[in-house]
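K.L.:
The structure's right below; bear with me while I get my questions together.
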Amino acid sequence: MAETLRRGDVHLVGVGADGWEGLAEPLRALVAQAEVVVGGERHLAMLPPHVTAERVVWPSPMRAALPGLVASWSDRRVVVLASGDPFVAGIGTTLQDVLPGDRLVVHPAVSSEALARARMGWPAESVTVLRDHAQLPRHLAAGQRLLVLSRDERVPAEVVALLVDAGLGASRVTALAHLGGPDESVTTSTAQTWEHAVPSLHVLAVEVVADRPTSFLGWVAGLPDDAFEHDGQLTKRDLRASALARLAPVPGAVLWDVGAGAGSVGIEWMRAHPTCRTVAVESHPERAARIARNAARLGVPGLQVVEGRAPDALADLPDPDAVFVGGGATGEGVLDTAWARLGPGGRLVVHAVTLETERVVVDWASRVGGELTRLAVETARPIGTFTGWEPARAVVQWAVTKEGTP
């Protein structure tokens, strides 16, 4: 029996590549009851003539126009059409954010992700799914199986170029187009021999294979210093690992990386988990641009770079769960602002290289507590025909967790 479409509710119907013919009869009946049907041009074009509802194409830009559009649906019978499972890189999450209460009713179809895994014969637990192919560098390791939900027909060429540059040209790349539809197609080759044109509607499957000895970058804090482009303003590997251990990245947490330099701490924070977010604050224009390049190359293109000087540049940022101050801690109001904006349970880590900064952190530690550690790293270097220890400049690290219950 067909479900009744009530005024004020919004029914979100997932549609496969087989279009109207692939919809179950109860869902067709649901669409036929609608006064308004919303979707992309491709979805609206598939509707048969007996569906007489007003047809609304998604506005562009969508996010800004969506609250007003949703408000206009308050007393109408509305169906929204979307591809596959609307909660897999689809419109579902966006609609859920702007619709009040329980007004959204979702009817998912099989997702392109599930269809791609079925075609490849890959169990779900053996696959990593990427919504953005720019995140690929974070996931490169021999034997990995990756599904890339491509945005258009240009993505495969960009992916294979990245793989070849990384010494992974032997990786097997498969484009699965129009999954579940009458025009479904599968195209496969290695990255180094890829010369195929693919439709815009596709999923890319990648099996990572190294064609030469390759050092993969791990996810544990402390990437090699040469993984970053820098001008010397870089939190070095051992100090960075220590700072990140105390900053303690967890899923969904926001870091302020203040005086970010090359952005190394903020980048490694985001590499810890796909939902970790970083705002890197840097006053030097060339360094700010360098941070963005480092983030893109290391697979965390979503890192936000704010060019400006703390504390003024901190005013409009989202509240942080953790703050790292690698430079500028002596600036008036910098630590005050960071401390004020941290909530209970928030973590603050400051590195002091100069006596002036050291005096500041010792004073703060005396007032609010925390852990003071003096870190001195020595590295073996040639001395003529012998080898000796070369000390780096010692750093005082202050790490503190704001008291209270999060």
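Chains: A, B, ... in order of the structure tokens. Residues: from 1 per chain. Ligands: from 1, in order shown.
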Could you give me, as a list in words, the residues within 8 Å of range 355-357 of chain A, counting only C-alpha atoms and dropping anything in the same chain fewer than 4 positions from it?
P.N.:
Ala329, Thr330 and Val361 of chain A
K.L.:
Those residues with C-alpha atoms, as a compact mmCIF listing (two decimals), in the first residue's frame please?
P.N.:
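As written to disk, result_10.txt reads:
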```
# COMPACT_ATOMS: atom_id res chain seq x y z
CA ALA A 329 53.01 33.58 22.02
CA THR A 330 54.52 36.84 23.32
CA VAL A 361 54.68 30.29 29.48
```
K.L.:
Where does DSSP see alpha helix (DSSP H) in range 52-277 of chain A, if you list the residues as a VMD selection string?
P.N.:
chain A and resid 62 to 71 92 to 98 112 to 120 155 to 165 237 to 247 264 to 271
K.L.:
List the neighbours of Val105 in chain A out to 9 Å using only C-alpha atoms; skip same-chain residues closer than 3 positions along the sequence, and give me the result as a PDB file with N, CA, C and O atoms, in the first residue's frame.
P.N.:
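Output saved as out.pdb:
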```
ATOM      1  N   ASP A   9       5.583  17.570   5.279  1.00  0.00           N
ATOM      2  CA  ASP A   9       6.671  16.603   5.242  1.00  0.00           C
ATOM      3  C   ASP A   9       7.444  16.732   3.923  1.00  0.00           C
ATOM      4  O   ASP A   9       6.895  17.153   2.905  1.00  0.00           O
ATOM      5  N   VAL A  10       8.698  16.356   3.969  1.00  0.00           N
ATOM      6  CA  VAL A  10       9.522  16.312   2.751  1.00  0.00           C
ATOM      7  C   VAL A  10      10.022  14.887   2.605  1.00  0.00           C
ATOM      8  O   VAL A  10      10.750  14.379   3.465  1.00  0.00           O
ATOM      9  N   HIS A  11       9.603  14.227   1.540  1.00  0.00           N
ATOM     10  CA  HIS A  11      10.028  12.849   1.273  1.00  0.00           C
ATOM     11  C   HIS A  11      11.200  12.881   0.296  1.00  0.00           C
ATOM     12  O   HIS A  11      11.084  13.416  -0.810  1.00  0.00           O
ATOM     13  N   LEU A  12      12.315  12.336   0.746  1.00  0.00           N
ATOM     14  CA  LEU A  12      13.540  12.312  -0.046  1.00  0.00           C
ATOM     15  C   LEU A  12      13.682  10.914  -0.646  1.00  0.00           C
ATOM     16  O   LEU A  12      13.897   9.937   0.081  1.00  0.00           O
ATOM     17  N   VAL A  13      13.560  10.827  -1.959  1.00  0.00           N
ATOM     18  CA  VAL A  13      13.508   9.544  -2.645  1.00  0.00           C
ATOM     19  C   VAL A  13      14.806   9.321  -3.421  1.00  0.00           C
ATOM     20  O   VAL A  13      15.156  10.119  -4.298  1.00  0.00           O
ATOM     21  N   ASP A 102      11.148  16.213  12.637  1.00  0.00           N
ATOM     22  CA  ASP A 102      11.014  14.947  11.916  1.00  0.00           C
ATOM     23  C   ASP A 102      10.340  15.121  10.559  1.00  0.00           C
ATOM     24  O   ASP A 102       9.692  14.198  10.054  1.00  0.00           O
TER      25      ASP A 102
END
```
K.L.:
I need the residues of range 203-274 of chain A that end up classed as strand (DSSP E or B) by DSSP on the backbone, written out as a PyMOL selection string.
P.N.:
chain A and resi 203-207+254-258
K.L.:
Put those residues in a file: N, CA and C atoms, as a PDB file, in the first residue's frame.
P.N.:
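Contents of part_32.pdb, freshly written:
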```
ATOM      1  N   VAL A 203      32.074   5.938 -10.524  1.00  0.00           N
ATOM      2  CA  VAL A 203      32.848   5.722  -9.301  1.00  0.00           C
ATOM      3  C   VAL A 203      34.185   5.138  -9.732  1.00  0.00           C
ATOM      4  N   LEU A 204      35.261   5.600  -9.097  1.00  0.00           N
ATOM      5  CA  LEU A 204      36.605   5.144  -9.444  1.00  0.00           C
ATOM      6  C   LEU A 204      37.095   4.187  -8.359  1.00  0.00           C
ATOM      7  N   ALA A 205      37.496   2.985  -8.765  1.00  0.00           N
ATOM      8  CA  ALA A 205      38.054   1.999  -7.835  1.00  0.00           C
ATOM      9  C   ALA A 205      39.557   1.908  -8.061  1.00  0.00           C
ATOM     10  N   VAL A 206      40.324   1.992  -6.975  1.00  0.00           N
ATOM     11  CA  VAL A 206      41.786   1.994  -7.065  1.00  0.00           C
ATOM     12  C   VAL A 206      42.348   0.901  -6.156  1.00  0.00           C
ATOM     13  N   GLU A 207      43.170   0.027  -6.738  1.00  0.00           N
ATOM     14  CA  GLU A 207      43.948  -0.941  -5.967  1.00  0.00           C
ATOM     15  C   GLU A 207      45.397  -0.476  -6.008  1.00  0.00           C
ATOM     16  N   VAL A 254      38.419  20.496  16.438  1.00  0.00           N
ATOM     17  CA  VAL A 254      38.951  21.663  15.720  1.00  0.00           C
ATOM     18  C   VAL A 254      40.222  22.142  16.400  1.00  0.00           C
ATOM     19  N   LEU A 255      41.273  22.337  15.596  1.00  0.00           N
ATOM     20  CA  LEU A 255      42.554  22.867  16.090  1.00  0.00           C
ATOM     21  C   LEU A 255      42.801  24.247  15.516  1.00  0.00           C
ATOM     22  N   TRP A 256      43.248  25.161  16.378  1.00  0.00           N
ATOM     23  CA  TRP A 256      43.862  26.398  15.899  1.00  0.00           C
ATOM     24  C   TRP A 256      45.372  26.183  15.895  1.00  0.00           C
ATOM     25  N   ASP A 257      45.998  26.347  14.736  1.00  0.00           N
ATOM     26  CA  ASP A 257      47.455  26.287  14.617  1.00  0.00           C
ATOM     27  C   ASP A 257      47.927  27.723  14.423  1.00  0.00           C
ATOM     28  N   VAL A 258      48.365  28.357  15.508  1.00  0.00           N
ATOM     29  CA  VAL A 258      48.638  29.797  15.515  1.00  0.00           C
ATOM     30  C   VAL A 258      50.127  30.028  15.283  1.00  0.00           C
TER      31      VAL A 258
END
```
K.L.:
Find the residue from A:Leu244, A:Leu146, A:Val353, A:Val38 that sits nearest to Gly328 in chain A; use only C-alpha atoms when measuring.
P.N.:
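The answer is A:Val353, which sits nearest to Gly328 in chain A.
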K.L.:
Would you mind listing what lies within 9 Å of range 127-137 of chain A as number ranges by chain, with only C-alpha atoms counted and same-chain residues fewer than 5 positions away left out?
P.N.:
A: 89, 113, 117, 122, 144-151, 155, 158-159, 162-163, 166, 217, 274, 296-302
K.L.:
Just the residues within 9 Å of Glu371 in chain A, please, counting only C-alpha atoms, with nothing from its chain fewer than 5 positions along; format it as an mmCIF file with N, CA, C and O atoms, in the first residue's frame.
P.N.:
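What follows is the written file around_2.cif:
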```
data_model
loop_
_atom_site.group_PDB
_atom_site.id
_atom_site.type_symbol
_atom_site.label_atom_id
_atom_site.label_comp_id
_atom_site.auth_asym_id
_atom_site.auth_seq_id
_atom_site.Cartn_x
_atom_site.Cartn_y
_atom_site.Cartn_z
ATOM 1 N N ALA A 365 51.841 29.013 33.347
ATOM 2 C CA ALA A 365 51.793 27.729 34.054
ATOM 3 C C ALA A 365 51.632 27.925 35.558
ATOM 4 O O ALA A 365 50.959 27.132 36.233
ATOM 5 N N GLN A 397 58.253 23.325 26.241
ATOM 6 C CA GLN A 397 56.873 23.024 25.846
ATOM 7 C C GLN A 397 55.963 23.141 27.055
ATOM 8 O O GLN A 397 56.209 22.517 28.094
ATOM 9 N N TRP A 398 54.929 23.958 26.901
ATOM 10 C CA TRP A 398 53.908 24.050 27.942
ATOM 11 C C TRP A 398 52.629 23.430 27.399
ATOM 12 O O TRP A 398 52.137 23.822 26.335
ATOM 13 N N ALA A 399 52.098 22.452 28.098
ATOM 14 C CA ALA A 399 50.870 21.777 27.697
ATOM 15 C C ALA A 399 49.899 21.792 28.870
ATOM 16 O O ALA A 399 50.260 21.418 29.995
ATOM 17 N N VAL A 400 48.658 22.206 28.608
ATOM 18 C CA VAL A 400 47.689 22.316 29.682
ATOM 19 C C VAL A 400 46.303 21.962 29.149
ATOM 20 O O VAL A 400 45.969 22.251 27.992
#
```
K.L.:
Would you kindly return, as a VMD selection string, each protein, DNA or RNA residue with an atom no farther than 8 Å from any atom of Ala262 in chain A, considering only C-alpha atoms and excluding same-chain residues fewer than 5 positions away?
P.N.:
chain A and resid 228 to 231 233 to 234 287 to 288 290 to 291 294
K.L.:
Please identify all polymer residues within 12 Å of Gly331 in chain A, counting only C-alpha atoms, omitting same-chain residues fewer than 2 positions from it, and present them as a short mmCIF file (atom, residue, chain, number, x, y, z; two decimals) with all heavy atoms, in the first residue's frame.
P.N.:
```
data_model
loop_
_atom_site.label_atom_id
_atom_site.label_comp_id
_atom_site.auth_asym_id
_atom_site.auth_seq_id
_atom_site.Cartn_x
_atom_site.Cartn_y
_atom_site.Cartn_z
N VAL A 258 48.36 28.36 15.51
CA VAL A 258 48.64 29.80 15.52
C VAL A 258 50.13 30.03 15.28
O VAL A 258 50.97 29.45 15.97
CB VAL A 258 48.20 30.43 16.85
CG1 VAL A 258 48.47 31.94 16.85
CG2 VAL A 258 46.72 30.15 17.11
N GLY A 259 50.44 30.93 14.34
CA GLY A 259 51.82 31.10 13.92
C GLY A 259 52.28 29.83 13.23
O GLY A 259 53.31 29.24 13.57
N ARG A 309 47.29 38.22 11.69
CA ARG A 309 48.09 38.16 12.92
C ARG A 309 47.18 37.98 14.13
O ARG A 309 46.16 38.67 14.26
CB ARG A 309 48.91 39.46 13.07
CG ARG A 309 49.96 39.41 14.18
CD ARG A 309 50.81 40.67 14.15
NE ARG A 309 51.56 40.79 12.92
CZ ARG A 309 52.71 40.18 12.66
NH1 ARG A 309 53.24 39.36 13.57
NH2 ARG A 309 53.32 40.36 11.51
N ALA A 310 47.52 37.02 14.98
CA ALA A 310 46.78 36.81 16.22
C ALA A 310 47.10 37.96 17.19
O ALA A 310 48.20 38.51 17.15
CB ALA A 310 47.17 35.47 16.83
N PRO A 311 46.15 38.38 18.04
CA PRO A 311 44.86 37.73 18.27
C PRO A 311 43.73 38.20 17.36
O PRO A 311 42.66 37.61 17.36
CB PRO A 311 44.55 38.10 19.72
CG PRO A 311 45.16 39.46 19.87
CD PRO A 311 46.43 39.43 19.05
N ASP A 312 43.93 39.29 16.58
CA ASP A 312 42.83 39.82 15.78
C ASP A 312 42.30 38.78 14.80
O ASP A 312 41.08 38.68 14.57
CB ASP A 312 43.29 41.06 15.00
CG ASP A 312 43.61 42.24 15.92
OD1 ASP A 312 43.20 42.18 17.09
OD2 ASP A 312 44.28 43.18 15.47
N VAL A 325 50.32 26.94 19.69
CA VAL A 325 50.97 28.22 19.40
C VAL A 325 52.44 27.92 19.18
O VAL A 325 53.20 27.69 20.12
CB VAL A 325 50.77 29.24 20.54
CG1 VAL A 325 51.42 30.58 20.16
CG2 VAL A 325 49.29 29.43 20.82
N GLY A 327 54.34 30.04 17.25
CA GLY A 327 55.00 31.33 17.10
C GLY A 327 54.05 32.44 17.50
O GLY A 327 52.84 32.33 17.31
N GLY A 328 54.58 33.49 18.09
CA GLY A 328 53.76 34.64 18.44
C GLY A 328 53.15 34.60 19.83
O GLY A 328 52.26 35.41 20.13
N ALA A 329 53.62 33.69 20.69
CA ALA A 329 53.01 33.58 22.02
C ALA A 329 53.23 34.82 22.87
O ALA A 329 52.49 35.06 23.84
CB ALA A 329 53.55 32.35 22.75
N GLY A 333 47.71 39.50 24.12
CA GLY A 333 46.36 38.96 23.96
C GLY A 333 46.27 37.62 23.26
O GLY A 333 45.19 37.04 23.18
N VAL A 334 47.38 37.09 22.74
CA VAL A 334 47.31 35.83 21.99
C VAL A 334 46.90 34.68 22.90
O VAL A 334 45.92 33.96 22.64
CB VAL A 334 48.65 35.52 21.29
CG1 VAL A 334 48.63 34.12 20.69
CG2 VAL A 334 48.94 36.56 20.21
N LEU A 335 47.64 34.46 23.99
CA LEU A 335 47.30 33.36 24.89
C LEU A 335 46.00 33.63 25.64
O LEU A 335 45.23 32.69 25.91
CB LEU A 335 48.44 33.09 25.86
CG LEU A 335 49.75 32.60 25.23
CD1 LEU A 335 50.76 32.23 26.32
CD2 LEU A 335 49.51 31.41 24.32
N ASP A 336 45.74 34.89 25.96
CA ASP A 336 44.48 35.22 26.63
C ASP A 336 43.29 34.81 25.76
O ASP A 336 42.32 34.24 26.26
CB ASP A 336 44.41 36.73 26.92
CG ASP A 336 45.53 37.20 27.83
OD1 ASP A 336 46.60 37.54 27.29
OD2 ASP A 336 45.34 37.20 29.05
N THR A 337 43.36 35.15 24.48
CA THR A 337 42.26 34.82 23.57
C THR A 337 42.12 33.31 23.41
O THR A 337 41.01 32.77 23.46
CB THR A 337 42.49 35.47 22.19
OG1 THR A 337 42.58 36.89 22.35
CG2 THR A 337 41.36 35.13 21.23
N ALA A 338 43.25 32.63 23.22
CA ALA A 338 43.20 31.18 23.05
C ALA A 338 42.58 30.51 24.28
O ALA A 338 41.72 29.63 24.16
CB ALA A 338 44.60 30.63 22.79
N GLU A 356 62.21 35.17 26.24
CA GLU A 356 61.02 36.01 26.41
C GLU A 356 59.74 35.17 26.39
O GLU A 356 58.85 35.33 27.24
CB GLU A 356 60.96 37.07 25.31
CG GLU A 356 62.01 38.17 25.43
CD GLU A 356 63.41 37.71 24.99
OE1 GLU A 356 63.52 36.62 24.38
OE2 GLU A 356 64.38 38.44 25.25
N THR A 357 59.66 34.22 25.41
CA THR A 357 58.48 33.35 25.35
C THR A 357 58.47 32.40 26.53
O THR A 357 57.41 32.09 27.10
CB THR A 357 58.47 32.55 24.04
OG1 THR A 357 58.67 33.44 22.94
CG2 THR A 357 57.16 31.82 23.86
N VAL A 360 56.91 33.94 29.46
CA VAL A 360 55.45 34.02 29.33
C VAL A 360 54.80 32.69 29.72
O VAL A 360 53.83 32.66 30.48
CB VAL A 360 55.06 34.41 27.88
CG1 VAL A 360 53.56 34.24 27.65
CG2 VAL A 360 55.46 35.85 27.58
#
```
K.L.:
Could you work out how far CA of Lys402 in chain A lies from CA of Val368 in chain A, giving the answer in Å with one decimal?
P.N.:
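Calculated distance between CA of Val368 in chain A and CA of Lys402 in chain A is 8.3 Å.
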K.L.:
Which value, in Å to one decimal, gives the distance between CA of Pro382 in chain A and CA of Gly232 in chain A?
P.N.:
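These two atoms are separated by 21.3 Å.
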K.L.:
Which residue is closest to Val78 in chain A? Choose from A:Thr188, A:Thr193, A:Gln33, A:Thr52 and count only C-alpha atoms.
P.N.:
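Counting only C-alpha atoms, the residue closest to Val78 in chain A is A:Gln33.
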K.L.:
Which distance in Å separates CA of Val164 in chain A and CA of Asp211 in chain A, to one decimal?
P.N.:
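Atom-to-atom, CA of Val164 in chain A to CA of Asp211 in chain A, that is 9.1 Å.
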